[in-house]
Every structure is written in C-alpha cells, then in structure tokens.
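*Asks:* Pasting structure.pdb here (PDB, C-alpha atoms):
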ATOM      1  CA  MET J   1       0.000   0.000   0.000
ATOM      2  CA  ILE J   2       1.207   3.517  -0.847
ATOM      3  CA  GLU J   3       0.175   6.418   1.383
ATOM      4  CA  ILE J   4       0.468  10.146   0.649
ATOM      5  CA  ARG J   5       0.004  13.008   3.099
ATOM      6  CA  PHE J   6      -0.869  16.509   1.906
ATOM      7  CA  HIS J   7      -0.004  19.566   4.016
ATOM      8  CA  GLY J   8      -1.561  22.906   3.229
ATOM      9  CA  ARG J   9      -3.758  25.689   4.508
ATOM     10  CA  GLY J  10      -7.519  25.935   4.381
ATOM     11  CA  GLY J  11      -8.554  27.286   0.995
ATOM     12  CA  GLN J  12      -5.581  25.956  -0.989
ATOM     13  CA  GLY J  13      -7.357  22.769  -1.985
ATOM     14  CA  ALA J  14      -5.455  20.017  -0.124
ATOM     15  CA  VAL J  15      -8.648  18.064   0.532
ATOM     16  CA  ILE J  16      -9.794  18.289  -3.092
ATOM     17  CA  ALA J  17      -6.260  17.369  -4.251
ATOM     18  CA  SER J  18      -6.414  14.159  -2.198
ATOM     19  CA  LYS J  19      -9.800  13.333  -3.754
ATOM     20  CA  ILE J  20      -8.627  14.068  -7.300
ATOM     21  CA  LEU J  21      -5.567  11.866  -6.753
ATOM     22  CA  ALA J  22      -7.700   9.001  -5.394
ATOM     23  CA  SER J  23     -10.059   9.333  -8.357
ATOM     24  CA  ALA J  24      -7.152   9.297 -10.808
ATOM     25  CA  LEU J  25      -5.683   6.189  -9.181
ATOM     26  CA  PHE J  26      -9.094   4.494  -9.280
ATOM     27  CA  LYS J  27      -9.366   5.327 -12.983
ATOM     28  CA  GLU J  28      -6.069   3.467 -13.449
ATOM     29  CA  GLY J  29      -7.506   0.341 -11.805
ATOM     30  CA  LYS J  30      -6.275   0.785  -8.231
ATOM     31  CA  TYR J  31      -8.189   0.759  -4.968
ATOM     32  CA  ALA J  32      -7.976   4.204  -3.356
ATOM     33  CA  GLN J  33      -9.119   6.251  -0.371
ATOM     34  CA  ALA J  34      -8.991   9.982   0.290
ATOM     35  CA  PHE J  35      -9.879  11.807   3.499
ATOM     36  CA  PRO J  36      -9.036  15.011   5.405
ATOM     37  CA  ALA J  37      -7.910  15.804   8.954
ATOM     38  CA  PHE J  38      -8.295  19.318  10.286
ATOM     39  CA  GLY J  39      -9.339  21.164  13.396
ATOM     40  CA  ALA J  40     -11.056  24.520  13.316
ATOM     41  CA  GLU J  41     -12.389  24.911   9.802
ATOM     42  CA  ARG J  42     -11.196  28.307   8.686
ATOM     43  CA  ARG J  43      -9.394  29.679   5.689
ATOM     44  CA  GLY J  44      -5.637  29.741   6.233
ATOM     45  CA  ALA J  45      -5.521  27.194   9.074
ATOM     46  CA  PRO J  46      -3.165  24.215   8.632
ATOM     47  CA  VAL J  47      -4.884  21.266   6.977
ATOM     48  CA  MET J  48      -3.817  17.696   6.289
ATOM     49  CA  ALA J  49      -5.398  15.364   3.771
ATOM     50  CA  PHE J  50      -4.500  11.817   2.874
ATOM     51  CA  THR J  51      -4.638   9.448  -0.070
ATOM     52  CA  ARG J  52      -3.807   5.780   0.080
ATOM     53  CA  PHE J  53      -3.945   3.221  -2.696
ATOM     54  CA  ASP J  54      -3.182  -0.387  -3.424
ATOM     55  CA  GLN J  55      -3.691  -3.120  -6.009
ATOM     56  CA  LYS J  56      -6.094  -4.861  -3.612
ATOM     57  CA  ALA J  57      -9.023  -3.749  -1.448
ATOM     58  CA  ILE J  58      -8.047  -1.424   1.413
ATOM     59  CA  THR J  59      -9.450  -2.220   4.842
ATOM     60  CA  ARG J  60      -7.389   0.275   6.851
ATOM     61  CA  ARG J  61      -9.428   3.262   8.029
ATOM     62  CA  SER J  62      -6.895   5.165  10.133
ATOM     63  CA  MET J  63      -5.058   8.405   9.448
ATOM     64  CA  VAL J  64      -1.769   8.099   7.588
ATOM     65  CA  TYR J  65       1.026   8.044  10.160
ATOM     66  CA  GLU J  66       3.881   6.720   8.020
ATOM     67  CA  PRO J  67       3.418   8.133   4.517
ATOM     68  CA  ASN J  68       5.499   7.050   1.573
ATOM     69  CA  HIS J  69       5.347  10.588   0.173
ATOM     70  CA  VAL J  70       4.430  14.093   1.346
ATOM     71  CA  VAL J  71       3.010  16.990  -0.673
ATOM     72  CA  VAL J  72       3.408  20.524   0.717
ATOM     73  CA  LEU J  73       1.057  23.082  -0.834
ATOM     74  CA  ASP J  74       2.434  26.012   1.181
ATOM     75  CA  GLU J  75       6.177  26.321   1.887
ATOM     76  CA  PRO J  76       5.740  28.305   5.165
ATOM     77  CA  ILE J  77       4.026  25.191   6.600
ATOM     78  CA  LEU J  78       7.552  23.751   6.849
ATOM     79  CA  ASP J  79       8.198  26.169   9.739
ATOM     80  CA  LEU J  80       4.988  25.183  11.553
ATOM     81  CA  VAL J  81       4.628  21.454  11.016
ATOM     82  CA  ASP J  82       7.133  18.604  10.881
ATOM     83  CA  VAL J  83       6.111  17.365   7.445
ATOM     84  CA  THR J  84       8.648  14.551   7.722
ATOM     85  CA  ALA J  85       6.975  13.024  10.809
ATOM     86  CA  GLY J  86       6.675   9.330  10.000
ATOM     87  CA  LEU J  87       7.806   9.845   6.384
ATOM     88  CA  ARG J  88       9.538   6.743   5.136
ATOM     89  CA  GLU J  89      13.186   7.141   4.263
ATOM     90  CA  GLY J  90      13.641   7.733   0.531
ATOM     91  CA  GLY J  91      10.101   9.099   0.177
ATOM     92  CA  TRP J  92       9.355  12.153  -1.914
ATOM     93  CA  ILE J  93       8.685  15.588  -0.425
ATOM     94  CA  LEU J  94       7.075  17.718  -3.129
ATOM     95  CA  ILE J  95       7.078  21.400  -2.131
ATOM     96  CA  ASN J  96       5.297  24.364  -3.683
ATOM     97  CA  THR J  97       8.139  26.887  -3.781
ATOM     98  CA  PRO J  98      10.211  28.906  -6.246
ATOM     99  CA  LYS J  99      13.346  27.428  -4.606
ATOM    100  CA  SER J 100      15.341  24.509  -5.970
ATOM    101  CA  PRO J 101      15.474  21.144  -4.185
ATOM    102  CA  ALA J 102      19.112  21.860  -3.230
ATOM    103  CA  GLU J 103      17.845  24.690  -1.014
ATOM    104  CA  PHE J 104      16.337  22.138   1.387
ATOM    105  CA  PRO J 105      19.460  20.438   2.797
ATOM    106  CA  GLY J 106      17.671  19.360   5.979
ATOM    107  CA  TYR J 107      15.836  16.611   4.121
ATOM    108  CA  LYS J 108      18.798  14.413   3.164
ATOM    109  CA  LYS J 109      16.986  11.157   4.028
ATOM    110  CA  TYR J 110      14.313  11.967   1.465
ATOM    111  CA  ARG J 111      13.979  12.893  -2.171
ATOM    112  CA  VAL J 112      12.931  16.517  -2.623
ATOM    113  CA  ALA J 113      11.163  17.978  -5.638
ATOM    114  CA  THR J 114       9.954  21.537  -6.021
ATOM    115  CA  VAL J 115       7.505  23.309  -8.283
ATOM    116  CA  ASN J 116       6.452  26.930  -8.298
ATOM    117  CA  ALA J 117       2.788  25.975  -8.154
ATOM    118  CA  SER J 118       1.786  29.432  -6.894
ATOM    119  CA  ARG J 119       3.215  31.079 -10.009
ATOM    120  CA  ILE J 120       1.608  28.546 -12.332
ATOM    121  CA  ALA J 121      -1.751  28.907 -10.558
ATOM    122  CA  ALA J 122      -1.592  32.704 -10.796
ATOM    123  CA  GLU J 123      -0.660  32.543 -14.492
ATOM    124  CA  ASN J 124      -3.747  30.392 -15.086
ATOM    125  CA  GLY J 125      -6.114  32.556 -13.051
ATOM    126  CA  LEU J 126      -6.590  30.029 -10.240
ATOM    127  CA  GLY J 127      -7.438  31.892  -7.062
ATOM    128  CA  THR J 128      -5.979  35.351  -6.590
ATOM    129  CA  ALA J 129      -2.447  36.720  -6.807
ATOM    130  CA  THR J 130      -2.232  36.743  -3.003
ATOM    131  CA  ALA J 131      -4.099  33.456  -2.475
ATOM    132  CA  PRO J 132      -3.511  31.138  -5.439
ATOM    133  CA  VAL J 133      -5.283  27.775  -5.446
ATOM    134  CA  VAL J 134      -2.505  25.296  -6.151
ATOM    135  CA  ASN J 135      -4.104  21.888  -5.705
ATOM    136  CA  THR J 136      -4.439  20.900  -9.357
ATOM    137  CA  VAL J 137      -1.045  22.361 -10.156
ATOM    138  CA  ILE J 138       0.713  20.305  -7.502
ATOM    139  CA  LEU J 139      -0.958  17.132  -8.796
ATOM    140  CA  GLY J 140       0.611  17.629 -12.225
ATOM    141  CA  ALA J 141       4.003  17.880 -10.512
ATOM    142  CA  PHE J 142       3.190  14.845  -8.328
ATOM    143  CA  SER J 143       2.437  12.780 -11.430
ATOM    144  CA  ARG J 144       5.754  13.724 -13.019
ATOM    145  CA  THR J 145       7.837  13.419  -9.842
ATOM    146  CA  THR J 146       6.636  10.064  -8.543
ATOM    147  CA  GLY J 147       5.353   8.319 -11.661
ATOM    148  CA  LEU J 148       2.668   6.701  -9.469
ATOM    149  CA  VAL J 149      -0.215   8.052 -11.521
ATOM    150  CA  GLY J 150      -0.493   9.238 -15.087
ATOM    151  CA  LEU J 151      -1.203  12.814 -16.058
ATOM    152  CA  LYS J 152      -4.149  11.691 -18.209
ATOM    153  CA  ALA J 153      -5.882  10.228 -15.127
ATOM    154  CA  ILE J 154      -5.112  13.402 -13.130
ATOM    155  CA  LEU J 155      -6.705  15.507 -15.865
ATOM    156  CA  GLU J 156      -9.797  13.259 -15.829
ATOM    157  CA  GLY J 157      -9.997  13.622 -12.039
ATOM    158  CA  ILE J 158      -9.794  17.398 -12.379
ATOM    159  CA  LYS J 159     -12.797  17.359 -14.733
ATOM    160  CA  GLU J 160     -14.684  15.287 -12.156
ATOM    161  CA  TYR J 161     -13.895  17.330  -9.026
ATOM    162  CA  VAL J 162     -13.255  20.887 -10.224
ATOM    163  CA  PRO J 163     -16.364  22.491 -11.718
ATOM    164  CA  SER J 164     -14.830  25.991 -11.696
ATOM    165  CA  LYS J 165     -12.363  26.721 -14.498
ATOM    166  CA  PRO J 166     -11.724  23.075 -15.451
ATOM    167  CA  GLU J 167      -9.725  24.041 -18.562
ATOM    168  CA  ALA J 168      -7.481  26.431 -16.621
ATOM    169  CA  ASN J 169      -6.936  23.815 -13.908
ATOM    170  CA  ALA J 170      -6.045  21.175 -16.492
ATOM    171  CA  ALA J 171      -3.646  23.592 -18.231
ATOM    172  CA  ALA J 172      -1.994  24.394 -14.894
ATOM    173  CA  ALA J 173      -1.555  20.697 -14.058
ATOM    174  CA  GLN J 174      -0.038  20.136 -17.505
ATOM    175  CA  ALA J 175       2.349  23.100 -17.017
ATOM    176  CA  ALA J 176       3.510  21.753 -13.655
ATOM    177  CA  PHE J 177       4.020  18.297 -15.167
ATOM    178  CA  GLU J 178       6.216  19.828 -17.858
ATOM    179  CA  GLN J 179       8.170  22.012 -15.402
TER     180      GLN J 179
END
Kindly transcribe the structure held in the file into structure tokens.
*Replies:*
Amino acid sequence: MIEIRFHGRGGQGAVIASKILASALFKEGKYAQAFPAFGAERRGAPVMAFTRFDQKAITRRSMVYEPNHVVVLDEPILDLVDVTAGLREGGWILINTPKSPAEFPGYKKYRVATVNASRIAAENGLGTATAPVVNTVILGAFSRTTGLVGLKAILEGIKEYVPSKPEANAAAAQAAFEQ
C-alpha cells in the first residue's frame, strides 16, 4: 500500500487534491481512499489530507502516520509542522516553492522535488495573486515526480472534481508536469 500526506492551509485545496488523486488512481484500476484531517475549519488554518492506494481492497481506516510521500502546498508550513513526521526514508517531499530542491538540505533522508505551483496557478487565473489555489497544479508535478499516476488520469480527475475553471486547472496541471 502507498500512502500520501498533503499539508496545506484551508482554501488551498489540499482536501480536493487528495480526492482528485484518489479518483485518478481508481481510474487506473487501483483501490484508493482519500480523506481530510483538520481542526477549526477556517481559511488559512493548517490542513492535512490523505490518499492511500493499493492493487487490492483497502481495509485500513486510520489516518496516515507513516506516509510514503508528502506533498506541501504552502512552503511556510515547513516552519509550523514537521512534514517529515513518519515519512519513510527515501520518500518524496514535493514542495510548492520557487526554490530549488538543493535549497532544502535538511531533508537528506528523502527525495525533494519543487515546483512553483503558486506562479503557475496565478498565471492560469486560479485563485488570486495573493491566495492562489494550487491543488491541481501540484498534482501535475506529483504525477511527473513520482510516476505513481499518469497525467491523463489526473486531468480526468480534475474534470470530475473541479467544476470551476476546469480548462485552466487542467492547463496548470499540464504546465507543472512539464516544469
């Protein structure tokens, strides 16, 4: 079983990203679950969401405590939350940032990938300049980075879960995949 933990802030789309990813994995013939974990529901508060998938039926119903991979939708979360808690050695940490992976030397036990999802989201009119919605963007980068799910399935999941600006969201995911 592969487990992914998303870290973000309320309003960035971490919960929807986990659902889109689960849908995409299901479309590729895998069993998948997606679910959130958050406290006070307010915009800007730290949020976690999870996706797990396998080739066989999943009976586990707990939170994800030892993820294979972590997706960070908001770089400042790194100063607030230990995103590596329970992360398996060699797992991917995908971070929304303009920085390069080399600028994160504290994560030597892991593989680090970065994408400027905020810039791509803003260029595609997703959210506002000060509060870009990066969930679909980061999924394009996740597809490319991990190879666990195809971009075509991600784009189909976007059509299913994102009724607002589906073409712009798909274009942003494609741009992140290519970056």
*Asks:* Between J:Leu126, J:Ala22, J:Val15, J:Ala175, which has the minimum distance to Glu3 (chain J) (counting only C-alpha atoms)?
*Replies:* J:Ala22
*Asks:* Measuring between all atoms listed in the file, which one of J:Ser164, J:Asn116, J:Gln33, J:Asn124 shows the shortest distance to Phe177 (chain J)?
*Replies:* J:Asn116
*Asks:* Run through the PyMOL selection byres ((chain J and resi 18) around 8) on the given coordinates and return the selected residues as a list in words.
*Replies:*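 After applying the PyMOL selection byres ((chain J and resi 18) around 8), what remains is Phe6, Ala14, Val15, Ile16, Ala17, Lys19, Ile20, Leu21, Ala22, Ala34, Phe35, Ala49, Phe50 and Thr51 of chain J.
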*Asks:* Find the residue from J:Thr146, J:Asn135, J:Thr130, J:Thr114 that sits nearest to Gln179 (chain J); use all atoms listed in the file when measuring.
*Replies:* J:Thr114
*Asks:* As a PDB file with C-alpha atoms, in the frame of the given file, please: the residues near Met63 (chain J) (cut-off 8 Å, only C-alpha atoms, same-chain neighbours under 2 positions excluded).
*Replies:*
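Generated file (part-v6.pdb):
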ATOM      1  CA  ALA J  37      -7.910  15.804   8.954  1.00  0.00           C
ATOM      2  CA  PHE J  50      -4.500  11.817   2.874  1.00  0.00           C
ATOM      3  CA  ARG J  61      -9.428   3.262   8.029  1.00  0.00           C
ATOM      4  CA  TYR J  65       1.026   8.044  10.160  1.00  0.00           C
TER       5      TYR J  65
END
*Asks:* Which neighbours of region 74-79 of chain J fall inside 7 Å, counting all atoms listed in the file, when residues of the same chain fewer than 3 positions from it are skipped, and could you give them as a short mmCIF file (atom, residue, chain, number, x, y, z; two decimals) with C-alpha atoms, in the frame of the given file?
*Replies:*
data_model
loop_
_atom_site.label_atom_id
_atom_site.label_comp_id
_atom_site.auth_asym_id
_atom_site.auth_seq_id
_atom_site.Cartn_x
_atom_site.Cartn_y
_atom_site.Cartn_z
CA GLY J 8 -1.56 22.91 3.23
CA ASP J 82 7.13 18.60 10.88
CA VAL J 83 6.11 17.36 7.44
CA ILE J 95 7.08 21.40 -2.13
CA ASN J 96 5.30 24.36 -3.68
CA THR J 97 8.14 26.89 -3.78
#
*Asks:* Please return, as a VMD selection string, all polymer residues that have at least one atom within 12 Å of the point (-8.3, 9.8, -18.6); use all atoms listed in the file and the file's own coordinate frame.
*Replies:* chain J and resid 23 to 29 149 to 160 170
*Asks:* As a count of residues only, please: the residues near Val115 (chain J) (cut-off 12 Å, all atoms listed in the file, same-chain neighbours under 6 positions excluded).
*Replies:* 32
*Asks:* Around all the atoms of region 83-91 of chain J listed in the file, draw an axis-aligned box and extend it by 4 Å on each of the six sides; I want its centre and edge lengths in Å to one decimal, as JSON.
*Replies:*
{"center_x": 9.9, "center_y": 12.1, "center_z": 5.5, "size_x": 15.5, "size_y": 18.6, "size_z": 18.6}
*Asks:* Give as a ChimeraX atom specification every residue, naming chains and numbers as the document does, that has an atom within 9 Å of (-4.1, 27.7, 4.5), counting all atoms listed in the file.
*Replies:* /J:8-13,42-47,73-74,77
*Asks:* Now that the selection is made, can you save its residues with C-alpha atoms as a short mmCIF file (atom, residue, chain, number, x, y, z; two decimals), keeping the file's coordinate frame?
*Replies:*
data_model
loop_
_atom_site.label_atom_id
_atom_site.label_comp_id
_atom_site.auth_asym_id
_atom_site.auth_seq_id
_atom_site.Cartn_x
_atom_site.Cartn_y
_atom_site.Cartn_z
CA GLY J 8 -1.56 22.91 3.23
CA ARG J 9 -3.76 25.69 4.51
CA GLY J 10 -7.52 25.94 4.38
CA GLY J 11 -8.55 27.29 1.00
CA GLN J 12 -5.58 25.96 -0.99
CA GLY J 13 -7.36 22.77 -1.98
CA ARG J 42 -11.20 28.31 8.69
CA ARG J 43 -9.39 29.68 5.69
CA GLY J 44 -5.64 29.74 6.23
CA ALA J 45 -5.52 27.19 9.07
CA PRO J 46 -3.16 24.22 8.63
CA VAL J 47 -4.88 21.27 6.98
CA LEU J 73 1.06 23.08 -0.83
CA ASP J 74 2.43 26.01 1.18
CA ILE J 77 4.03 25.19 6.60
#
*Asks:* Name the residues that the PyMOL selection byres ((chain J and resi 85) around 12) pulls out of this structure, and write them as a PyMOL selection string.
*Replies:* chain J and resi 5+7+64-70+78+81-84+86-89+91+93+107+110
*Asks:* Between CA of Trp92 (chain J) and CA of Asp54 (chain J), what is the distance in Å, rounded to a tenth?
*Replies:*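 Spanning CA of Trp92 (chain J) to CA of Asp54 (chain J) is a straight-line distance of 17.8 Å.
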*Asks:* So what do you get for CA of Ala32 (chain J) versus CA of Leu148 (chain J), distance-wise?
*Replies:*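 Interatomic distance here is 12.5 Å.
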*Asks:* Take CA of Ala102 (chain J) and CA of Ala171 (chain J) and report the distance between them in Å, one decimal.
*Replies:*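 About the pair CA of Ala102 (chain J) and CA of Ala171 (chain J): they are 27.3 Å apart.
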*Asks:* Could you tell me which residues the PyMOL selection byres ((chain J and resi 55) around 7) returns for this structure, as number ranges by chain?
*Replies:* J: 30-31, 54, 56
*Asks:* Counting all atoms listed in the file, which residue out of J:Arg111, J:Asn169, J:Leu80, J:Ile2 sits closest to Pro132 (chain J)?
*Replies:* J:Asn169
*Asks:* Kindly add N, CA, C and O atoms to the incomplete region 115-138 of chain J and provide the output as a compact mmCIF listing (two decimals), keeping the file's coordinate frame.
*Replies:*
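Saved result, result31.txt, follows:
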# COMPACT_ATOMS: atom_id res chain seq x y z
N VAL J 115 8.21 22.73 -7.15
CA VAL J 115 7.50 23.31 -8.28
C VAL J 115 6.94 24.64 -7.81
O VAL J 115 6.48 24.76 -6.69
N ASN J 116 7.02 25.64 -8.66
CA ASN J 116 6.45 26.93 -8.30
C ASN J 116 4.97 26.92 -8.67
O ASN J 116 4.53 27.56 -9.62
N ALA J 117 4.21 26.15 -7.89
CA ALA J 117 2.79 25.98 -8.15
C ALA J 117 2.02 27.28 -7.99
O ALA J 117 1.04 27.52 -8.71
N SER J 118 2.47 28.15 -7.08
CA SER J 118 1.79 29.43 -6.89
C SER J 118 1.87 30.28 -8.15
O SER J 118 0.88 30.88 -8.58
N ARG J 119 3.05 30.30 -8.78
CA ARG J 119 3.22 31.08 -10.01
C ARG J 119 2.35 30.51 -11.13
O ARG J 119 1.64 31.24 -11.83
N ILE J 120 2.38 29.20 -11.27
CA ILE J 120 1.61 28.55 -12.33
C ILE J 120 0.12 28.77 -12.11
O ILE J 120 -0.63 29.06 -13.05
N ALA J 121 -0.33 28.67 -10.86
CA ALA J 121 -1.75 28.91 -10.56
C ALA J 121 -2.14 30.34 -10.91
O ALA J 121 -3.17 30.57 -11.54
N ALA J 122 -1.30 31.29 -10.51
CA ALA J 122 -1.59 32.70 -10.80
C ALA J 122 -1.63 32.95 -12.30
O ALA J 122 -2.51 33.67 -12.79
N GLU J 123 -0.71 32.37 -13.04
CA GLU J 123 -0.66 32.54 -14.49
C GLU J 123 -1.92 31.99 -15.17
O GLU J 123 -2.28 32.42 -16.25
N ASN J 124 -2.55 31.01 -14.52
CA ASN J 124 -3.75 30.39 -15.09
C ASN J 124 -5.04 30.90 -14.46
O ASN J 124 -6.10 30.33 -14.69
N GLY J 125 -4.93 31.95 -13.65
CA GLY J 125 -6.11 32.56 -13.05
C GLY J 125 -6.80 31.71 -11.99
O GLY J 125 -8.01 31.79 -11.81
N LEU J 126 -6.02 30.89 -11.28
CA LEU J 126 -6.59 30.03 -10.24
C LEU J 126 -6.41 30.69 -8.88
O LEU J 126 -5.29 30.81 -8.38
N GLY J 127 -7.50 31.14 -8.30
CA GLY J 127 -7.44 31.89 -7.06
C GLY J 127 -7.08 33.33 -7.37
O GLY J 127 -7.39 33.86 -8.43
N THR J 128 -6.40 33.96 -6.41
CA THR J 128 -5.98 35.35 -6.59
C THR J 128 -4.46 35.41 -6.54
O THR J 128 -3.80 34.44 -6.17
N ALA J 129 -3.90 36.56 -6.85
CA ALA J 129 -2.45 36.72 -6.81
C ALA J 129 -1.91 36.51 -5.39
O ALA J 129 -0.82 35.98 -5.21
N THR J 130 -2.69 36.91 -4.39
CA THR J 130 -2.23 36.74 -3.00
C THR J 130 -2.66 35.41 -2.39
O THR J 130 -2.10 35.00 -1.39
N ALA J 131 -3.63 34.75 -2.99
CA ALA J 131 -4.10 33.46 -2.48
C ALA J 131 -4.37 32.51 -3.64
O ALA J 131 -5.52 32.17 -3.94
N PRO J 132 -3.31 32.06 -4.32
CA PRO J 132 -3.51 31.14 -5.44
C PRO J 132 -4.00 29.77 -4.94
O PRO J 132 -3.66 29.34 -3.85
N VAL J 133 -4.80 29.12 -5.75
CA VAL J 133 -5.28 27.78 -5.45
C VAL J 133 -4.40 26.82 -6.24
O VAL J 133 -4.45 26.78 -7.47
N VAL J 134 -3.59 26.06 -5.52
CA VAL J 134 -2.50 25.30 -6.15
C VAL J 134 -2.74 23.79 -6.23
O VAL J 134 -1.87 23.06 -6.70
N ASN J 135 -3.91 23.33 -5.81
CA ASN J 135 -4.10 21.89 -5.70
C ASN J 135 -3.94 21.14 -7.02
O ASN J 135 -3.26 20.11 -7.08
N THR J 136 -4.55 21.61 -8.08
CA THR J 136 -4.44 20.90 -9.36
C THR J 136 -3.04 21.03 -9.93
O THR J 136 -2.54 20.10 -10.57
N VAL J 137 -2.41 22.14 -9.68
CA VAL J 137 -1.04 22.36 -10.16
C VAL J 137 -0.10 21.34 -9.53
O VAL J 137 0.69 20.68 -10.22
N ILE J 138 -0.20 21.20 -8.22
CA ILE J 138 0.71 20.30 -7.50
C ILE J 138 0.51 18.85 -7.93
O ILE J 138 1.44 18.06 -7.92
